[in-house]
Amino acid sequence: MRLRFQGDLSGLEAGLKELEEDLSFVRDEKGFPVEAERISENLLQVEVGKERGRIRFRDPVHFYRGLGILIGALRDGKPVDVTEKPRFSMNGAMFDCSRNAVFRPEVLRRVIRIMAVMGLNMLMLYTEETYTVEGEPYFGYMRGRYTPEELKELDDYAALFGIEMIPCIQTLAHLAAFLKWAPAQKYRDTEDVLLAGSEDTYRLIEEMIRSVAGTFRSRRIHIGMDEAFGLGRGRYLDRFGYRPPFEIMMDHLGKVLDITSRYGLKPMMWSDMFFRMGSPGHEYYDLNAEIPGEVVRRMPEGIRLVYWDYYHDDPAFYEQFIEKHRSLGSDPVFAGGVWTWAGPAVHYEKTFATTNAALSACKRKGIREVFATFWGDDGAETNMLAGLLGLQLFAEHGYSEQPDPEKLKRRFALCTGGDADAFLNLGKFDTFPGADTGALIPDNPSKFLLWQDVLIGLFDKHMEETDAAEYYDRLHRSLKADRDRAGRWRELFEVPVQLSAVLRLKCDIGLRIKAHYDRGDKSGLEAIAGEELPALHREIDRLRKAHRKQWLSTYKPFGWEVLDIRYGGLLARVETAMERLRDFCAGKISRIEELEEERLGFDGFRPGQDPGVGKANLYSRIASACVMGFR
């Protein structure tokens, strides 16, 4: 496609150049004329006729979204006259780069281009200690930490499109990966929490803030401060004696804000700790929580609270909780979630239900700043790029009252080159009949079925009377077809295709092994040991290799060792199961103790009485009932 741009292109030329390949256009003086016009109104207007096109915009990112709309119209050969009113002043994404998966900079540049065409204007990289702090060699050691040069280059690249990169760090909790090292003991209160009140700690925090303040052009910073459980009850208690956690936190927050002020930064922080203080059960989402008056009185000026909620599907809940945040002095920033953290697959049903409810509530309540979080809990087993359809949903909410499903699909194809229905299939691993998808935390059978042991079978009872094998077989065939027409996203589909191949064999194999054993059916056990388990072993190894290839093309290599070890352990346990069954069938052993044990529901789960098929998000508990590591 040949386009001739005219009008006010100041500050847009470099971004246009970067998008030529993605959007398949070239600039040509004889091309289709496109007029770029800046306006003062908060509007995006795109007109495409037979002779010319026009994009009227206020912000740079509006222009790039408009460019995508214009190119889509030209491809379709249809005239367009579109006016969109941006509903949010900030709308973007936060990617977790601390649960082992640290994005390669070149992949983030691709994501930035996609975000620009979506019309999103903010990007955070959640970095607990995966960035460089001068004088602290163990900060992010062997974790793939970003260098200042890498982050500066990304910040410069995002700025080409009018996308603000905001540093997103931690200044109180979630620092276990650093605090485990002996040289960091002087900073440690508990395993996960910094030692408040210590001058060493504040020197460290100043170096953290100095690092990011000199790297990013934004004058905003996310300082974390969430989930500081056990604050003041470790080394703090020994050194300073008991103080209420609220007092410790507020004093600590004041000192952190003194530092951000010296660097000219405007801070935001997660809000959960304030609300837990007002809940008798120390819960975050307690609508009956009463925020203590002292909390309101001591709330520092200039701090923005970030209300994170990835769970509720009722807009009324969000509206009530937004008002609870406002009672603390200002409008919150809202952080929703694209469900990439529950196991090896994205969960789109939950993503769409919560996002539609949350962003509808935000618009009704006049919340102006929102972003989508992509977490990677417990090893980042899901490739976060699989969640891009959820990011498109955030974008479309940002330019309409209620996104049109068909327009969402068309926009996704234009912005990413992906097929929305195929991406929705990526989200079907945890939604087979019987799975509870409506709970605050939905079932995640793909995770526990992948990692559970074929002889121990901690979740075998959950699979009784389900059609999981048939479901995963159908999903496997559907995903293979999606992969074969996925184009630039083919590699992203290779892992789900292979995951479904594993799950269709593995989901009920423990039940069948136990049934044959209980009946004394050695011929059945011989068939499983000689045919099914070797086939399962081959499919798991193919999955490991596909996952490794995908990881190394998306993320830095650090962190892959965690999943390599998990796959290696799974393969070894399948080999052990083959040997144990063969030895039993050959009479070398008289019984298999693992199969003598009664199968119980995980954590007291009662099939047929409790809803769904169960959930578990920690590999260490799924793989074995024994202690894995030091206790």
# chains A, B, ... in the order shown; residues from 1 in each chain; ligands from 1

call {"tool": "residues_around", "arguments": {"residues": "Asp564 in chain A", "least_positions_apart": "4", "cutoff": "8 Å", "atoms": "only C-alpha atoms", "output": "list in words"}}
result
Arg544, Arg548, Trp560 and Gly568 of chain A

call {"tool": "write_last_selection", "arguments": {"atoms": "N, CA, C and O atoms", "output": "mmCIF file, in the first residue's frame"}}
result
data_model
loop_
_atom_site.group_PDB
_atom_site.id
_atom_site.type_symbol
_atom_site.label_atom_id
_atom_site.label_comp_id
_atom_site.auth_asym_id
_atom_site.auth_seq_id
_atom_site.Cartn_x
_atom_site.Cartn_y
_atom_site.Cartn_z
ATOM 1 N N ARG A 544 8.438 -29.690 26.020
ATOM 2 C CA ARG A 544 9.596 -29.004 26.626
ATOM 3 C C ARG A 544 10.418 -28.286 25.570
ATOM 4 O O ARG A 544 10.799 -27.113 25.743
ATOM 5 N N ARG A 548 10.845 -24.320 25.205
ATOM 6 C CA ARG A 548 12.189 -23.735 25.287
ATOM 7 C C ARG A 548 12.452 -22.809 24.097
ATOM 8 O O ARG A 548 12.944 -21.684 24.275
ATOM 9 N N TRP A 560 14.441 -19.646 32.417
ATOM 10 C CA TRP A 560 14.018 -20.864 31.740
ATOM 11 C C TRP A 560 14.447 -22.094 32.521
ATOM 12 O O TRP A 560 13.763 -23.132 32.499
ATOM 13 N N GLY A 568 12.066 -31.614 33.294
ATOM 14 C CA GLY A 568 12.973 -32.734 33.539
ATOM 15 C C GLY A 568 12.465 -33.639 34.641
ATOM 16 O O GLY A 568 12.539 -34.880 34.543
#

call {"tool": "residues_around", "arguments": {"residues": "Glu596 in chain A", "least_positions_apart": "4", "cutoff": "10 Å", "atoms": "only C-alpha atoms", "output": "tab-separated table (two decimals) with N, CA and C atoms, in the first residue's frame"}}
result
chain	number	residue	atom	x	y	z
A	514	LYS	N	-4.53	-46.54	38.42
A	514	LYS	CA	-5.05	-46.95	39.74
A	514	LYS	C	-6.17	-47.98	39.58
A	517	TYR	N	-4.69	-51.33	38.69
A	517	TYR	CA	-3.97	-51.87	39.84
A	517	TYR	C	-4.96	-52.44	40.87
A	518	ASP	N	-6.01	-51.68	41.15
A	518	ASP	CA	-6.98	-52.13	42.15
A	518	ASP	C	-7.68	-53.41	41.71
A	591	ARG	N	4.07	-55.20	45.33
A	591	ARG	CA	3.06	-54.16	45.33
A	591	ARG	C	3.69	-52.82	44.97
A	592	ILE	N	2.85	-51.87	44.61
A	592	ILE	CA	3.29	-50.51	44.32
A	592	ILE	C	2.68	-49.62	45.39

call {"tool": "select_by_dssp", "arguments": {"residues": "range 520-630 of chain A", "states": "helix (DSSP H, G or I)", "output": "PyMOL selection string"}}
result
chain A and resi 522-554+560-585+593-596+602-604+619-622

call {"tool": "closest_residue", "arguments": {"among": "A:Lys522, A:Arg143, A:Arg235, A:Lys545", "to": "Asp583 in chain A", "atoms": "only C-alpha atoms"}}
result
A:Lys522

call {"tool": "residues_around", "arguments": {"residues": "Lys180 in chain A", "least_positions_apart": "2", "cutoff": "12 Å", "atoms": "only C-alpha atoms", "output": "list in words"}}
result
Tyr138, Phe139, Gly140, Tyr141, His174, Leu175, Ala176, Ala177, Phe178, Ala182, Pro183, Ala184, Gln185, Lys186, Tyr187, Arg188, Asp189, Thr190, Glu191, Asp192, Val193 and Leu194 of chain A

call {"tool": "closest_residue", "arguments": {"among": "A:Glu37, A:Asp430, A:Asp610, A:Glu561", "to": "Met142 in chain A", "atoms": "only C-alpha atoms"}}
result
A:Glu561

call {"tool": "select_by_dssp", "arguments": {"residues": "range 254-432 of chain A", "states": "strand (DSSP E or B)", "output": "ChimeraX atom specification"}}
result
/A:266-270,304-308,333-337,369-374

call {"tool": "residues_around", "arguments": {"residues": "Leu16 in chain A", "least_positions_apart": "6", "cutoff": "10 Å", "atoms": "only C-alpha atoms", "output": "VMD selection string"}}
result
chain A and resid 5 9 23 25 to 27 63 to 64 67 160 to 161

call {"tool": "write_last_selection", "arguments": {"atoms": "N, CA and C atoms", "output": "mmCIF file, in the first residue's frame"}}
result
data_model
loop_
_atom_site.group_PDB
_atom_site.id
_atom_site.type_symbol
_atom_site.label_atom_id
_atom_site.label_comp_id
_atom_site.auth_asym_id
_atom_site.auth_seq_id
_atom_site.Cartn_x
_atom_site.Cartn_y
_atom_site.Cartn_z
ATOM 1 N N PHE A 5 1.667 11.204 2.893
ATOM 2 C CA PHE A 5 1.219 11.961 4.055
ATOM 3 C C PHE A 5 1.504 13.443 3.861
ATOM 4 N N LEU A 9 2.989 16.701 10.493
ATOM 5 C CA LEU A 9 3.588 15.419 10.874
ATOM 6 C C LEU A 9 4.731 15.595 11.867
ATOM 7 N N LEU A 23 2.464 -2.607 9.214
ATOM 8 C CA LEU A 23 1.185 -2.272 8.589
ATOM 9 C C LEU A 23 1.219 -2.384 7.066
ATOM 10 N N PHE A 25 2.810 -0.740 4.517
ATOM 11 C CA PHE A 25 2.650 0.426 3.660
ATOM 12 C C PHE A 25 4.021 1.046 3.414
ATOM 13 N N VAL A 26 4.115 1.819 2.353
ATOM 14 C CA VAL A 26 5.318 2.602 2.075
ATOM 15 C C VAL A 26 4.874 4.022 1.760
ATOM 16 N N ARG A 27 5.758 4.961 2.024
ATOM 17 C CA ARG A 27 5.474 6.361 1.715
ATOM 18 C C ARG A 27 5.926 6.661 0.291
ATOM 19 N N PHE A 63 -3.061 9.494 16.651
ATOM 20 C CA PHE A 63 -2.739 9.455 15.223
ATOM 21 C C PHE A 63 -2.423 8.038 14.777
ATOM 22 N N TYR A 64 -1.620 7.324 15.577
ATOM 23 C CA TYR A 64 -1.221 5.970 15.157
ATOM 24 C C TYR A 64 -2.407 5.009 15.175
ATOM 25 N N LEU A 67 -4.197 5.847 12.071
ATOM 26 C CA LEU A 67 -3.512 5.275 10.909
ATOM 27 C C LEU A 67 -3.950 3.837 10.686
ATOM 28 N N LEU A 160 8.790 7.581 20.706
ATOM 29 C CA LEU A 160 8.523 7.851 19.290
ATOM 30 C C LEU A 160 7.037 7.845 18.987
ATOM 31 N N PHE A 161 6.274 7.071 19.755
ATOM 32 C CA PHE A 161 4.848 6.891 19.500
ATOM 33 C C PHE A 161 3.982 7.634 20.517
#

call {"tool": "closest_residue", "arguments": {"among": "A:Gly604, A:Pro60, A:Gly31, A:Pro86", "to": "Ile163 in chain A", "atoms": "only C-alpha atoms"}}
result
A:Pro60

call {"tool": "residues_around", "arguments": {"residues": "Met165 in chain A", "least_positions_apart": "6", "cutoff": "6 Å", "atoms": "only C-alpha atoms", "output": "short mmCIF file (atom, residue, chain, number, x, y, z; two decimals) with N, CA, C and O atoms, in the first residue's frame"}}
result
data_model
loop_
_atom_site.label_atom_id
_atom_site.label_comp_id
_atom_site.auth_asym_id
_atom_site.auth_seq_id
_atom_site.Cartn_x
_atom_site.Cartn_y
_atom_site.Cartn_z
N MET A 122 0.65 4.03 27.55
CA MET A 122 1.48 3.86 28.74
C MET A 122 1.97 2.42 28.83
O MET A 122 1.22 1.48 28.56
N LEU A 123 3.22 2.26 29.24
CA LEU A 123 3.82 0.93 29.42
C LEU A 123 4.63 0.92 30.70
O LEU A 123 5.45 1.81 30.94
N MET A 124 4.37 -0.10 31.53
CA MET A 124 5.20 -0.36 32.71
C MET A 124 5.82 -1.75 32.56
O MET A 124 5.19 -2.67 32.05
N ASP A 155 12.73 3.25 26.45
CA ASP A 155 12.03 4.50 26.75
C ASP A 155 12.04 5.43 25.54
O ASP A 155 11.03 6.04 25.20
#

call {"tool": "residues_around", "arguments": {"residues": "Arg512 in chain A", "least_positions_apart": "3", "cutoff": "9 Å", "atoms": "only C-alpha atoms", "output": "NGL selection string"}}
result
:A and (508-509 or 515-517 or 524-525 or 528)

call {"tool": "write_last_selection", "arguments": {"atoms": "N, CA, C and O atoms", "output": "PDB file, in the first residue's frame"}}
result
ATOM      1  N   ASP A 508      -6.176 -38.293  32.464  1.00  0.00           N
ATOM      2  CA  ASP A 508      -6.841 -39.369  33.206  1.00  0.00           C
ATOM      3  C   ASP A 508      -5.978 -40.619  33.342  1.00  0.00           C
ATOM      4  O   ASP A 508      -6.462 -41.662  33.791  1.00  0.00           O
ATOM      5  N   ILE A 509      -4.704 -40.524  32.979  1.00  0.00           N
ATOM      6  CA  ILE A 509      -3.887 -41.739  32.983  1.00  0.00           C
ATOM      7  C   ILE A 509      -3.659 -42.263  34.403  1.00  0.00           C
ATOM      8  O   ILE A 509      -3.609 -43.474  34.641  1.00  0.00           O
ATOM      9  N   ALA A 515      -7.037 -47.784  38.594  1.00  0.00           N
ATOM     10  CA  ALA A 515      -8.138 -48.727  38.401  1.00  0.00           C
ATOM     11  C   ALA A 515      -7.621 -50.111  38.004  1.00  0.00           C
ATOM     12  O   ALA A 515      -8.081 -51.135  38.526  1.00  0.00           O
ATOM     13  N   HIS A 516      -6.660 -50.152  37.089  1.00  0.00           N
ATOM     14  CA  HIS A 516      -6.066 -51.448  36.705  1.00  0.00           C
ATOM     15  C   HIS A 516      -5.385 -52.102  37.907  1.00  0.00           C
ATOM     16  O   HIS A 516      -5.516 -53.317  38.119  1.00  0.00           O
ATOM     17  N   TYR A 517      -4.687 -51.326  38.686  1.00  0.00           N
ATOM     18  CA  TYR A 517      -3.971 -51.875  39.842  1.00  0.00           C
ATOM     19  C   TYR A 517      -4.956 -52.442  40.865  1.00  0.00           C
ATOM     20  O   TYR A 517      -4.760 -53.549  41.390  1.00  0.00           O
ATOM     21  N   GLY A 524      -3.524 -54.758  31.670  1.00  0.00           N
ATOM     22  CA  GLY A 524      -3.811 -53.342  31.477  1.00  0.00           C
ATOM     23  C   GLY A 524      -2.638 -52.470  31.872  1.00  0.00           C
ATOM     24  O   GLY A 524      -2.302 -51.487  31.186  1.00  0.00           O
ATOM     25  N   LEU A 525      -1.987 -52.816  32.986  1.00  0.00           N
ATOM     26  CA  LEU A 525      -0.816 -52.063  33.428  1.00  0.00           C
ATOM     27  C   LEU A 525       0.338 -52.231  32.454  1.00  0.00           C
ATOM     28  O   LEU A 525       1.079 -51.270  32.184  1.00  0.00           O
ATOM     29  N   ILE A 528      -0.212 -49.910  29.533  1.00  0.00           N
ATOM     30  CA  ILE A 528       0.084 -48.515  29.873  1.00  0.00           C
ATOM     31  C   ILE A 528       1.588 -48.304  29.962  1.00  0.00           C
ATOM     32  O   ILE A 528       2.126 -47.310  29.442  1.00  0.00           O
TER      33      ILE A 528
END

call {"tool": "closest_residue", "arguments": {"among": "A:Asp331, A:Glu491, A:Asp258, A:Glu35", "to": "Leu552 in chain A", "atoms": "only C-alpha atoms"}}
result
A:Glu491

call {"tool": "closest_residue", "arguments": {"among": "A:His537, A:Lys85, A:Arg38, A:Arg220", "to": "Arg54 in chain A", "atoms": "only C-alpha atoms"}}
result
A:Arg38

call {"tool": "closest_residue", "arguments": {"among": "A:Ile622, A:Val295, A:Ala386, A:Ile166", "to": "Phe423 in chain A", "atoms": "only C-alpha atoms"}}
result
A:Ala386

call {"tool": "closest_atom_pairs", "arguments": {"of": "range 445-512 of chain A", "to": "range 347-370 of chain A", "cutoff": "12 Å", "atoms": "only C-alpha atoms", "output": "tab-separated table"}}
result
residue	atom	partner	partner_atom	distance
A:Pro445	CA	A:His347	CA	11.4
A:Ser446	CA	A:His347	CA	10.6
A:Lys447	CA	A:His347	CA	11.9

call {"tool": "decode", "arguments": {"residues": "range 532-569 of chain A", "atoms": "N, CA and C atoms", "output": "short mmCIF file (atom, residue, chain, number, x, y, z; two decimals), in the first residue's frame"}}
result
data_model
loop_
_atom_site.label_atom_id
_atom_site.label_comp_id
_atom_site.auth_asym_id
_atom_site.auth_seq_id
_atom_site.Cartn_x
_atom_site.Cartn_y
_atom_site.Cartn_z
N GLU A 532 1.36 -46.44 26.48
CA GLU A 532 0.85 -45.10 26.79
C GLU A 532 1.89 -44.20 27.47
N LEU A 533 2.59 -44.72 28.46
CA LEU A 533 3.58 -43.88 29.15
C LEU A 533 4.76 -43.51 28.24
N PRO A 534 5.27 -44.42 27.41
CA PRO A 534 6.30 -43.98 26.45
C PRO A 534 5.80 -42.90 25.50
N ALA A 535 4.54 -43.03 25.04
CA ALA A 535 3.98 -41.99 24.17
C ALA A 535 3.85 -40.67 24.91
N LEU A 536 3.41 -40.73 26.17
CA LEU A 536 3.31 -39.52 26.98
C LEU A 536 4.69 -38.89 27.18
N HIS A 537 5.69 -39.70 27.44
CA HIS A 537 7.07 -39.21 27.62
C HIS A 537 7.52 -38.45 26.37
N ARG A 538 7.24 -39.01 25.20
CA ARG A 538 7.64 -38.34 23.95
C ARG A 538 6.92 -37.00 23.79
N GLU A 539 5.63 -36.96 24.10
CA GLU A 539 4.88 -35.72 23.94
C GLU A 539 5.35 -34.66 24.94
N ILE A 540 5.66 -35.07 26.16
CA ILE A 540 6.18 -34.10 27.15
C ILE A 540 7.50 -33.53 26.68
N ASP A 541 8.36 -34.37 26.14
CA ASP A 541 9.66 -33.87 25.68
C ASP A 541 9.48 -32.93 24.50
N ARG A 542 8.54 -33.22 23.61
CA ARG A 542 8.26 -32.29 22.52
C ARG A 542 7.74 -30.95 23.05
N LEU A 543 6.91 -31.02 24.09
CA LEU A 543 6.41 -29.79 24.71
C LEU A 543 7.56 -29.00 25.32
N ARG A 544 8.44 -29.69 26.02
CA ARG A 544 9.60 -29.00 26.63
C ARG A 544 10.42 -28.29 25.57
N LYS A 545 10.66 -28.93 24.47
CA LYS A 545 11.50 -28.33 23.43
C LYS A 545 10.79 -27.17 22.73
N ALA A 546 9.50 -27.33 22.49
CA ALA A 546 8.74 -26.23 21.89
C ALA A 546 8.69 -25.03 22.83
N HIS A 547 8.49 -25.32 24.11
CA HIS A 547 8.42 -24.24 25.11
C HIS A 547 9.77 -23.55 25.23
N ARG A 548 10.85 -24.32 25.20
CA ARG A 548 12.19 -23.73 25.29
C ARG A 548 12.45 -22.81 24.10
N LYS A 549 12.11 -23.26 22.91
CA LYS A 549 12.32 -22.42 21.72
C LYS A 549 11.53 -21.12 21.83
N GLN A 550 10.28 -21.23 22.26
CA GLN A 550 9.43 -20.05 22.38
C GLN A 550 9.96 -19.11 23.45
N TRP A 551 10.33 -19.66 24.60
CA TRP A 551 10.86 -18.83 25.69
C TRP A 551 12.08 -18.04 25.21
N LEU A 552 13.03 -18.71 24.60
CA LEU A 552 14.28 -18.06 24.23
C LEU A 552 14.11 -17.02 23.13
N SER A 553 13.02 -17.10 22.39
CA SER A 553 12.76 -16.06 21.38
C SER A 553 11.98 -14.89 21.97
N THR A 554 11.33 -15.09 23.12
CA THR A 554 10.51 -14.04 23.73
C THR A 554 11.22 -13.39 24.91
N TYR A 555 11.86 -14.18 25.73
CA TYR A 555 12.45 -13.71 26.98
C TYR A 555 13.96 -13.94 27.00
N LYS A 556 14.62 -13.27 27.92
CA LYS A 556 16.02 -13.59 28.18
C LYS A 556 16.10 -15.02 28.73
N PRO A 557 17.27 -15.67 28.59
CA PRO A 557 17.34 -17.09 28.98
C PRO A 557 17.21 -17.34 30.48
N PHE A 558 17.55 -16.34 31.29
CA PHE A 558 17.46 -16.51 32.74
C PHE A 558 16.01 -16.77 33.13
N GLY A 559 15.79 -17.79 33.95
CA GLY A 559 14.44 -18.16 34.35
C GLY A 559 13.93 -19.39 33.64
N TRP A 560 14.44 -19.65 32.42
CA TRP A 560 14.02 -20.86 31.74
C TRP A 560 14.45 -22.09 32.52
N GLU A 561 15.56 -21.99 33.26
CA GLU A 561 16.02 -23.16 34.00
C GLU A 561 14.96 -23.68 34.96
N VAL A 562 14.11 -22.79 35.48
CA VAL A 562 13.05 -23.22 36.39
C VAL A 562 12.10 -24.18 35.69
N LEU A 563 11.69 -23.84 34.47
CA LEU A 563 10.77 -24.71 33.73
C LEU A 563 11.49 -25.93 33.18
N ASP A 564 12.76 -25.77 32.80
CA ASP A 564 13.53 -26.94 32.37
C ASP A 564 13.58 -27.99 33.48
N ILE A 565 13.78 -27.53 34.69
CA ILE A 565 13.84 -28.44 35.84
C ILE A 565 12.48 -29.10 36.06
N ARG A 566 11.41 -28.35 35.90
CA ARG A 566 10.07 -28.93 36.06
C ARG A 566 9.81 -30.00 35.00
N TYR A 567 10.11 -29.66 33.75
CA TYR A 567 9.92 -30.65 32.68
C TYR A 567 10.82 -31.87 32.90
N GLY A 568 12.07 -31.61 33.29
CA GLY A 568 12.97 -32.73 33.54
C GLY A 568 12.46 -33.64 34.64
N GLY A 569 11.93 -33.04 35.70
CA GLY A 569 11.36 -33.83 36.78
C GLY A 569 10.15 -34.63 36.32
#
